[in-house]
>>> print(open('work_37.csv').read())   # CSV, C-alpha atoms and all ligand atoms
chain,number,residue,atom,x,y,z
A,1,MET,CA,77.5,-79.9,-10.0
A,2,LEU,CA,78.9,-77.6,-7.3
A,3,SER,CA,82.4,-77.8,-5.9
A,4,VAL,CA,83.6,-75.4,-3.2
A,5,ARG,CA,87.3,-75.4,-2.2
A,6,ASP,CA,89.0,-73.6,0.6
A,7,LEU,CA,86.4,-70.9,0.8
A,8,ASP,CA,87.5,-68.1,3.1
A,9,VAL,CA,85.5,-65.0,4.0
A,10,ARG,CA,86.8,-62.1,6.1
A,11,PHE,CA,85.1,-58.9,7.0
A,12,PRO,CA,87.8,-56.3,7.4
A,13,ALA,CA,87.5,-54.2,10.6
A,14,ALA,CA,85.0,-51.5,10.0
A,15,ARG,CA,85.6,-48.3,12.1
A,16,ARG,CA,87.3,-49.5,15.3
A,17,GLY,CA,85.9,-53.0,15.2
A,18,GLN,CA,87.8,-56.2,14.8
A,19,GLU,CA,88.2,-58.2,11.6
A,20,VAL,CA,85.7,-61.1,11.5
A,21,ARG,CA,86.8,-64.4,10.0
A,22,ALA,CA,83.3,-65.6,9.2
A,23,VAL,CA,84.3,-68.6,7.0
A,24,ARG,CA,87.5,-70.5,7.1
A,25,GLY,CA,88.7,-73.1,4.6
A,26,VAL,CA,85.3,-74.5,3.8
A,27,SER,CA,85.2,-77.2,1.1
A,28,PHE,CA,82.3,-79.4,-0.1
A,29,ASP,CA,80.8,-81.0,-3.2
A,30,ILE,CA,77.2,-81.4,-4.3
A,31,PRO,CA,76.6,-83.8,-7.2
A,32,GLU,CA,73.7,-83.4,-9.7
A,33,ALA,CA,70.4,-83.9,-7.8
A,34,GLY,CA,72.4,-84.2,-4.5
A,35,ARG,CA,70.8,-82.7,-1.4
A,36,PHE,CA,73.3,-81.2,0.9
A,37,GLY,CA,72.4,-79.9,4.4
A,38,LEU,CA,74.5,-77.2,6.1
A,39,VAL,CA,73.8,-77.0,9.8
A,40,GLY,CA,75.4,-75.3,12.8
A,41,GLU,CA,74.5,-72.9,15.5
A,42,SER,CA,73.7,-69.2,14.9
A,43,GLY,CA,76.6,-67.2,13.7
A,44,SER,CA,78.6,-70.3,12.6
A,45,GLY,CA,78.9,-68.9,9.0
A,46,LYS,CA,76.2,-70.8,7.0
A,47,THR,CA,74.6,-67.7,5.4
A,48,VAL,CA,77.9,-66.1,4.7
A,49,THR,CA,79.1,-69.3,3.0
A,50,CYS,CA,76.0,-69.3,0.7
A,51,MET,CA,76.2,-65.6,-0.1
A,52,ALA,CA,79.9,-65.8,-0.7
A,53,LEU,CA,79.7,-68.6,-3.2
A,54,THR,CA,77.1,-66.8,-5.2
A,55,ARG,CA,79.0,-63.5,-4.8
A,56,LEU,CA,76.0,-61.8,-3.2
A,57,LEU,CA,77.9,-60.6,-0.1
A,58,ALA,CA,78.2,-56.8,0.2
A,59,GLY,CA,79.5,-54.5,2.8
A,60,PHE,CA,81.8,-51.6,3.4
A,61,PRO,CA,84.7,-52.2,3.5
A,62,PRO,CA,83.9,-55.1,1.1
A,63,PRO,CA,84.5,-58.6,2.4
A,64,ILE,CA,87.6,-60.5,1.3
A,65,ILE,CA,86.6,-63.8,-0.3
A,66,ARG,CA,89.2,-66.4,-1.3
A,67,GLY,CA,88.8,-70.0,-2.6
A,68,GLN,CA,87.4,-71.6,-5.7
A,69,VAL,CA,83.8,-72.3,-6.6
A,70,ARG,CA,83.0,-74.5,-9.7
A,71,PHE,CA,79.5,-74.9,-11.0
A,72,GLY,CA,78.2,-77.4,-13.6
A,73,ASP,CA,80.3,-77.4,-16.8
A,74,GLU,CA,81.6,-73.9,-16.2
A,75,VAL,CA,85.4,-74.0,-16.7
A,76,GLU,CA,85.8,-70.7,-14.9
A,77,ASP,CA,85.8,-70.2,-11.1
A,78,LEU,CA,82.5,-68.5,-10.1
A,79,LEU,CA,84.5,-66.2,-7.8
A,80,CYS,CA,86.4,-64.8,-10.8
A,81,VAL,CA,83.9,-64.8,-13.7
A,82,SER,CA,82.7,-61.4,-15.1
A,83,ASP,CA,79.5,-59.9,-13.6
A,84,ARG,CA,77.7,-60.5,-16.9
A,85,ARG,CA,78.6,-64.2,-17.0
A,86,LEU,CA,77.7,-64.5,-13.3
A,87,ASN,CA,74.3,-63.0,-13.9
A,88,HIS,CA,73.7,-65.4,-16.7
A,89,ILE,CA,74.7,-68.4,-14.5
A,90,ARG,CA,72.6,-67.1,-11.6
A,91,ARG,CA,69.6,-66.7,-13.9
A,92,HIS,CA,69.8,-70.0,-15.6
A,93,GLY,CA,71.5,-72.3,-13.1
A,94,ILE,CA,71.4,-71.2,-9.5
A,95,ALA,CA,68.5,-69.9,-7.5
A,96,CYS,CA,68.5,-68.7,-3.9
A,97,ILE,CA,66.0,-68.4,-1.2
A,98,PHE,CA,67.3,-66.3,1.7
A,99,GLN,CA,66.4,-66.1,5.3
A,100,ASP,CA,64.3,-63.0,5.1
A,101,PRO,CA,61.6,-63.7,2.5
A,102,VAL,CA,60.0,-60.2,2.8
A,103,ALA,CA,63.3,-58.5,2.1
A,104,SER,CA,63.9,-60.6,-1.0
A,105,LEU,CA,60.7,-59.3,-2.6
A,106,ASN,CA,60.3,-55.9,-4.2
A,107,PRO,CA,57.9,-53.9,-1.9
A,108,TYR,CA,56.9,-51.6,-4.7
A,109,MET,CA,55.7,-54.2,-7.2
A,110,THR,CA,52.7,-56.6,-7.1
A,111,VAL,CA,53.6,-60.3,-7.1
A,112,ARG,CA,52.3,-60.5,-10.6
A,113,THR,CA,54.7,-57.8,-11.8
A,114,GLN,CA,57.6,-59.5,-10.1
A,115,PHE,CA,56.8,-62.8,-11.8
A,116,ARG,CA,56.3,-61.0,-15.1
A,117,GLU,CA,59.7,-59.3,-14.8
A,118,LEU,CA,61.5,-62.5,-13.8
A,119,LEU,CA,59.9,-64.7,-16.5
A,120,ARG,CA,60.8,-62.0,-19.1
A,121,LEU,CA,64.4,-62.1,-17.9
A,122,LEU,CA,64.3,-65.9,-18.0
A,123,GLY,CA,63.1,-65.8,-21.6
A,124,ALA,CA,59.8,-67.6,-20.6
A,125,PRO,CA,57.2,-64.9,-20.6
A,126,GLY,CA,54.4,-67.4,-21.3
A,127,ASP,CA,54.9,-69.4,-18.2
A,128,ASP,CA,52.0,-69.4,-15.8
A,129,PRO,CA,52.8,-67.9,-12.4
A,130,CYS,CA,49.5,-69.3,-11.0
A,131,ARG,CA,50.8,-72.8,-11.5
A,132,LEU,CA,54.0,-71.9,-9.6
A,133,LEU,CA,52.0,-70.4,-6.7
A,134,GLU,CA,49.9,-73.6,-6.6
A,135,LEU,CA,53.1,-75.7,-6.4
A,136,VAL,CA,53.9,-74.0,-3.1
A,137,ARG,CA,50.4,-74.5,-1.8
A,138,LEU,CA,49.2,-70.9,-1.9
A,139,PRO,CA,45.4,-71.3,-1.8
A,140,ASP,CA,44.3,-68.2,-3.7
A,141,PRO,CA,47.0,-67.6,-6.4
A,142,LEU,CA,45.0,-64.9,-8.3
A,143,GLN,CA,44.6,-62.8,-5.2
A,144,VAL,CA,48.2,-63.3,-4.2
A,145,LEU,CA,49.3,-62.2,-7.7
A,146,ASP,CA,47.5,-58.9,-7.3
A,147,SER,CA,48.9,-58.2,-3.9
A,148,TYR,CA,51.9,-56.2,-2.8
A,149,PRO,CA,54.3,-58.1,-0.4
A,150,SER,CA,53.2,-55.8,2.5
A,151,GLU,CA,49.7,-57.2,2.0
A,152,LEU,CA,50.8,-60.8,2.6
A,153,SER,CA,51.9,-62.7,5.7
A,154,GLY,CA,55.5,-63.7,6.3
A,155,GLY,CA,54.7,-67.3,5.4
A,156,MET,CA,52.9,-66.2,2.2
A,157,CYS,CA,55.9,-64.1,1.2
A,158,GLN,CA,58.2,-67.1,1.9
A,159,ARG,CA,56.1,-69.2,-0.5
A,160,VAL,CA,56.1,-66.5,-3.1
A,161,SER,CA,59.9,-66.3,-3.0
A,162,ILE,CA,60.2,-70.1,-3.3
A,163,ALA,CA,57.9,-70.0,-6.3
A,164,LEU,CA,60.0,-67.2,-7.9
A,165,ALA,CA,63.2,-69.2,-7.2
A,166,LEU,CA,61.7,-72.3,-8.9
A,167,ALA,CA,60.5,-70.4,-11.9
A,168,GLY,CA,63.9,-70.6,-13.6
A,169,LYS,CA,64.0,-74.4,-13.2
A,170,PRO,CA,67.4,-74.0,-11.4
A,171,ARG,CA,70.0,-76.8,-11.5
A,172,LEU,CA,71.0,-75.8,-8.0
A,173,LEU,CA,68.7,-74.2,-5.4
A,174,ILE,CA,70.4,-72.6,-2.4
A,175,ALA,CA,67.8,-72.4,0.4
A,176,ASP,CA,68.7,-70.6,3.6
A,177,GLU,CA,66.1,-71.6,6.3
A,178,PRO,CA,63.4,-71.8,3.6
A,179,THR,CA,60.6,-72.9,5.9
A,180,THR,CA,61.2,-70.9,9.1
A,181,ASP,CA,57.9,-69.0,9.1
A,182,LEU,CA,55.7,-71.8,7.9
A,183,ASP,CA,53.1,-73.9,9.7
A,184,VAL,CA,54.1,-77.6,9.9
A,185,LEU,CA,51.8,-78.8,7.2
A,186,THR,CA,53.0,-76.2,4.7
A,187,ARG,CA,56.5,-76.8,5.8
A,188,ASN,CA,56.3,-80.5,5.0
A,189,ALA,CA,54.6,-79.8,1.7
A,190,ILE,CA,57.4,-77.4,0.7
A,191,LEU,CA,60.1,-79.9,1.8
A,192,ASP,CA,58.3,-82.7,-0.2
A,193,LEU,CA,58.2,-80.3,-3.2
A,194,LEU,CA,61.9,-79.6,-2.9
A,195,ARG,CA,62.6,-83.4,-2.8
A,196,ASP,CA,60.3,-83.9,-5.7
A,197,MET,CA,62.0,-81.2,-7.8
A,198,SER,CA,65.4,-82.6,-7.0
A,199,GLU,CA,64.4,-86.1,-8.0
A,200,ARG,CA,62.4,-85.3,-11.1
A,201,SER,CA,64.4,-82.4,-12.5
A,202,SER,CA,67.8,-83.4,-11.1
A,203,MET,CA,67.9,-80.2,-9.2
A,204,ALA,CA,70.7,-80.1,-6.6
A,205,LEU,CA,69.9,-78.5,-3.2
A,206,LEU,CA,72.0,-76.7,-0.7
A,207,LEU,CA,69.8,-76.4,2.4
A,208,VAL,CA,70.7,-74.3,5.4
A,209,THR,CA,68.8,-75.1,8.5
A,210,HIS,CA,69.0,-75.4,12.3
A,211,ASP,CA,66.6,-78.3,12.1
A,212,LEU,CA,68.4,-81.6,12.0
A,213,GLY,CA,65.0,-83.3,11.6
A,214,ILE,CA,64.7,-81.6,8.2
A,215,VAL,CA,68.2,-82.7,7.2
A,216,GLY,CA,67.4,-86.3,8.1
A,217,HIS,CA,64.2,-86.1,6.1
A,218,LEU,CA,65.6,-84.4,3.0
A,219,CYS,CA,69.4,-84.5,2.7
A,220,ASP,CA,71.7,-87.2,1.6
A,221,ARG,CA,74.8,-85.5,2.9
A,222,VAL,CA,75.3,-83.0,5.7
A,223,ALA,CA,78.1,-80.7,6.9
A,224,VAL,CA,78.3,-79.3,10.4
A,225,MET,CA,79.7,-75.8,10.9
A,226,GLU,CA,81.2,-74.3,14.0
A,227,GLN,CA,82.8,-70.8,14.1
A,228,GLY,CA,83.3,-70.6,10.4
A,229,ILE,CA,84.8,-74.1,9.9
A,230,ILE,CA,83.2,-77.4,8.7
A,231,VAL,CA,84.0,-79.6,11.6
A,232,GLU,CA,82.3,-82.7,10.2
A,233,GLN,CA,80.7,-83.8,6.9
A,234,GLY,CA,79.5,-87.0,5.3
A,235,ASP,CA,76.4,-89.1,4.5
A,236,THR,CA,73.5,-88.0,6.7
A,237,GLU,CA,72.8,-91.5,7.9
A,238,HIS,CA,76.3,-92.1,8.9
A,239,ILE,CA,76.8,-88.7,10.6
A,240,PHE,CA,73.5,-89.2,12.5
A,241,SER,CA,74.3,-92.7,13.6
A,242,SER,CA,77.9,-92.1,14.5
A,243,PRO,CA,78.8,-88.4,15.0
A,244,ARG,CA,82.5,-88.0,15.6
A,245,GLN,CA,82.6,-84.4,17.0
A,246,PRO,CA,81.2,-83.6,20.4
A,247,TYR,CA,79.6,-80.5,18.8
A,248,THR,CA,77.7,-82.7,16.3
A,249,ARG,CA,76.6,-85.0,19.2
A,250,ASN,CA,75.3,-82.0,21.1
A,251,LEU,CA,73.3,-80.7,18.1
A,252,LEU,CA,71.8,-84.2,17.6
A,253,SER,CA,70.9,-84.5,21.2
A,254,ALA,CA,69.0,-81.3,21.0
A,255,VAL,CA,66.6,-82.6,18.3
A,256,PRO,CA,63.2,-83.3,19.8
A,257,ARG,CA,62.1,-86.8,19.1
A,258,LEU,CA,58.4,-86.7,18.5
A,259,GLY,CA,56.5,-89.8,19.5
A,260,SER,CA,59.6,-91.5,20.9
A,261,GLY,CA,58.6,-94.4,23.1
A,262,SER,CA,55.1,-94.5,21.8
A,263,ASP,CA,55.3,-96.4,18.5
A,264,ALA,CA,52.7,-98.9,19.6
A,265,ASP,CA,50.1,-97.8,17.0
B,301,LIG,N1,78.4,-57.8,6.8
B,301,LIG,C1,79.0,-58.4,7.8
B,301,LIG,N2,80.0,-57.7,8.5
B,301,LIG,C2,80.7,-58.2,9.5
B,301,LIG,N3,80.4,-59.4,10.0
B,301,LIG,C3,79.4,-60.1,9.5
B,301,LIG,C4,78.7,-59.7,8.3
B,301,LIG,N4,77.8,-60.6,8.0
B,301,LIG,C5,78.0,-61.7,8.8
B,301,LIG,N5,79.0,-61.4,9.7
B,301,LIG,C6,79.4,-62.2,10.8
B,301,LIG,O1,79.8,-63.5,10.2
B,301,LIG,C7,79.5,-64.6,11.1
B,301,LIG,C8,78.6,-65.6,10.4
B,301,LIG,O2,77.4,-65.1,10.1
B,301,LIG,P1,76.2,-65.9,9.4
B,301,LIG,O3,75.1,-64.9,9.0
B,301,LIG,O4,76.8,-66.6,8.3
B,301,LIG,O5,75.7,-66.9,10.5
B,301,LIG,P2,74.7,-68.1,10.3
B,301,LIG,O6,75.4,-69.4,10.6
B,301,LIG,O7,73.9,-68.0,9.1
B,301,LIG,O8,73.7,-67.8,11.6
B,301,LIG,P3,72.1,-67.9,11.7
B,301,LIG,O9,71.9,-69.4,12.0
B,301,LIG,O10,71.8,-67.1,12.9
B,301,LIG,O11,71.5,-67.4,10.5
B,301,LIG,C9,78.8,-63.9,12.3
B,301,LIG,O12,79.8,-63.7,13.3
B,301,LIG,C10,78.4,-62.6,11.8
B,301,LIG,O13,78.4,-61.6,12.8
B,302,MG,MG,72.0,-67.5,8.6
>>> encode(input="work_37.csv", output="structure tokens", more="lines below")
Ligand SMILES: Nc1ncnc2c1ncn2[C@@H]1O[C@H](COP(=O)(O)OP(=O)(O)OP(=O)(O)O)[C@@H](O)[C@H]1O
Ligand SMILES: [Mg+2]
Amino acid sequence: MLSVRDLDVRFPAARRGQEVRAVRGVSFDIPEAGRFGLVGESGSGKTVTCMALTRLLAGFPPPIIRGQVRFGDEVEDLLCVSDRRLNHIRRHGIACIFQDPVASLNPYMTVRTQFRELLRLLGAPGDDPCRLLELVRLPDPLQVLDSYPSELSGGMCQRVSIALALAGKPRLLIADEPTTDLDVLTRNAILDLLRDMSERSSMALLLVTHDLGIVGHLCDRVAVMEQGIIVEQGDTEHIFSSPRQPYTRNLLSAVPRLGSGSDAD
């Protein structure tokens, strides 16, 4: 489904600053319906990896991106296809939820208009946005549809952006910290929804998170990033039970174990 080989991202020195090598030789594969977790400390290159492989990275001077990215049956490298082809693939195959949900919504359009525009682009103008908003557990979908993003809370915006991402029935969903601003019940519901979508619609998932608990709950494979490099990757169960790298062991030891030692009931 997705194959990333030797991905390298450099931000050339802007003004008098130093060049930043944000991603170095990153390779991984996600099969159809596979759920892949990308973890690592802040600044390790997770977001840059996701944005680079979908060619959403911008900047001045522009970042230098090397490597190969193959998606689905596409014969061409995603890093080299024309913008037109890339837009088509993005619209019908890959959806993204990024870290800042408010920034990913258009502040000048109501949620209803944003759904209308998107569904028209997707060639599915008859689809019901209310159903999508219910899927992400938004309690009053009609009111949300008539709101502007600034009238919604951060968590509500996050759920709207997840609903928009799911509207195209993507074959791959890239979700960068998709549940950061959510309360624990909604967070669990969204994670269950993502699992459900991946099982029922064979949707693959690339999930970026700091939370190894979420990875354990949702992902079958995991990669650990440190300073732009994947230092360890493999089956989640295997990595969790026998981490090779001291860095992975540190990350795992930092996961709070709720209820540990009190499994009597
Ligand atoms: N536009 C940019 N110009 C220069 N450097 C950048 C740019 N975007 C990101 N970087 C640098 O690339 C590195 C990786 O950043 P990235 O956003 O991928 O981290 P991250 O792992 O997603 O962190 P977090 O968990 O905090 O979201 C950081 O050192 C960051 O400063
Ligand atoms: Mg990030």
>>> atom_distance(input="work_37.csv", atom1="atom CA of Asp100 of chain A", atom2="atom O7 of ligand LIG 301 (chain B)")
11.5 Å
>>> closest_residue(input="work_37.csv", among="A:Arg137, A:Arg5, A:His217, A:Arg84", to="Ile30 of chain A", atoms="only C-alpha atoms")
A:Arg5
>>> closest_residue(input="work_37.csv", among="A:Leu79, A:Leu191, A:Val160, A:Ala175", to="ligand MG 302 (chain B)", atoms="only C-alpha atoms and all ligand atoms")
A:Ala175
>>> closest_atom_pairs(input="work_37.csv", of="chain A", to="ligand MG 302 (chain B)", cutoff="12 Å", atoms="only C-alpha atoms and all ligand atoms", output="tab-separated table")
residue	atom	partner	partner_atom	distance
A:Ala22	CA	B:MG302	MG	11.5
A:Leu38	CA	B:MG302	MG	10.3
A:Val39	CA	B:MG302	MG	9.7
A:Gly40	CA	B:MG302	MG	9.5
A:Glu41	CA	B:MG302	MG	9.1
A:Ser42	CA	B:MG302	MG	6.7
A:Gly43	CA	B:MG302	MG	6.9
A:Ser44	CA	B:MG302	MG	8.2
A:Gly45	CA	B:MG302	MG	7.1
A:Lys46	CA	B:MG302	MG	5.6
A:Thr47	CA	B:MG302	MG	4.1
A:Val48	CA	B:MG302	MG	7.2
A:Thr49	CA	B:MG302	MG	9.2
A:Cys50	CA	B:MG302	MG	9.0
A:Met51	CA	B:MG302	MG	9.8
A:Ile97	CA	B:MG302	MG	11.5
A:Phe98	CA	B:MG302	MG	8.4
A:Gln99	CA	B:MG302	MG	6.6
A:Asp100	CA	B:MG302	MG	9.6
A:Ala175	CA	B:MG302	MG	10.4
A:Asp176	CA	B:MG302	MG	6.7
A:Glu177	CA	B:MG302	MG	7.5
A:Pro178	CA	B:MG302	MG	10.8
A:Thr180	CA	B:MG302	MG	11.3
A:Leu207	CA	B:MG302	MG	11.1
A:Val208	CA	B:MG302	MG	7.6
A:Thr209	CA	B:MG302	MG	8.2
A:His210	CA	B:MG302	MG	9.2
A:Met225	CA	B:MG302	MG	11.6
A:Gly228	CA	B:MG302	MG	11.9
>>> atom_distance(input="work_37.csv", atom1="atom CA of Ile214 of chain A", atom2="atom CA of Thr236 of chain A")
11.0 Å
>>> residues_around(input="work_37.csv", residues="Asp192 of chain A", least_positions_apart="3", cutoff="12 Å", atoms="only C-alpha atoms", output="list in words")
Leu135, Val136, Arg137, Thr179, Leu185, Thr186, Arg187, Asn188, Ala189, Arg195, Asp196, Met197, Ser198, Glu199, Arg200, Ile214, His217, Leu218 and Cys219 of chain A
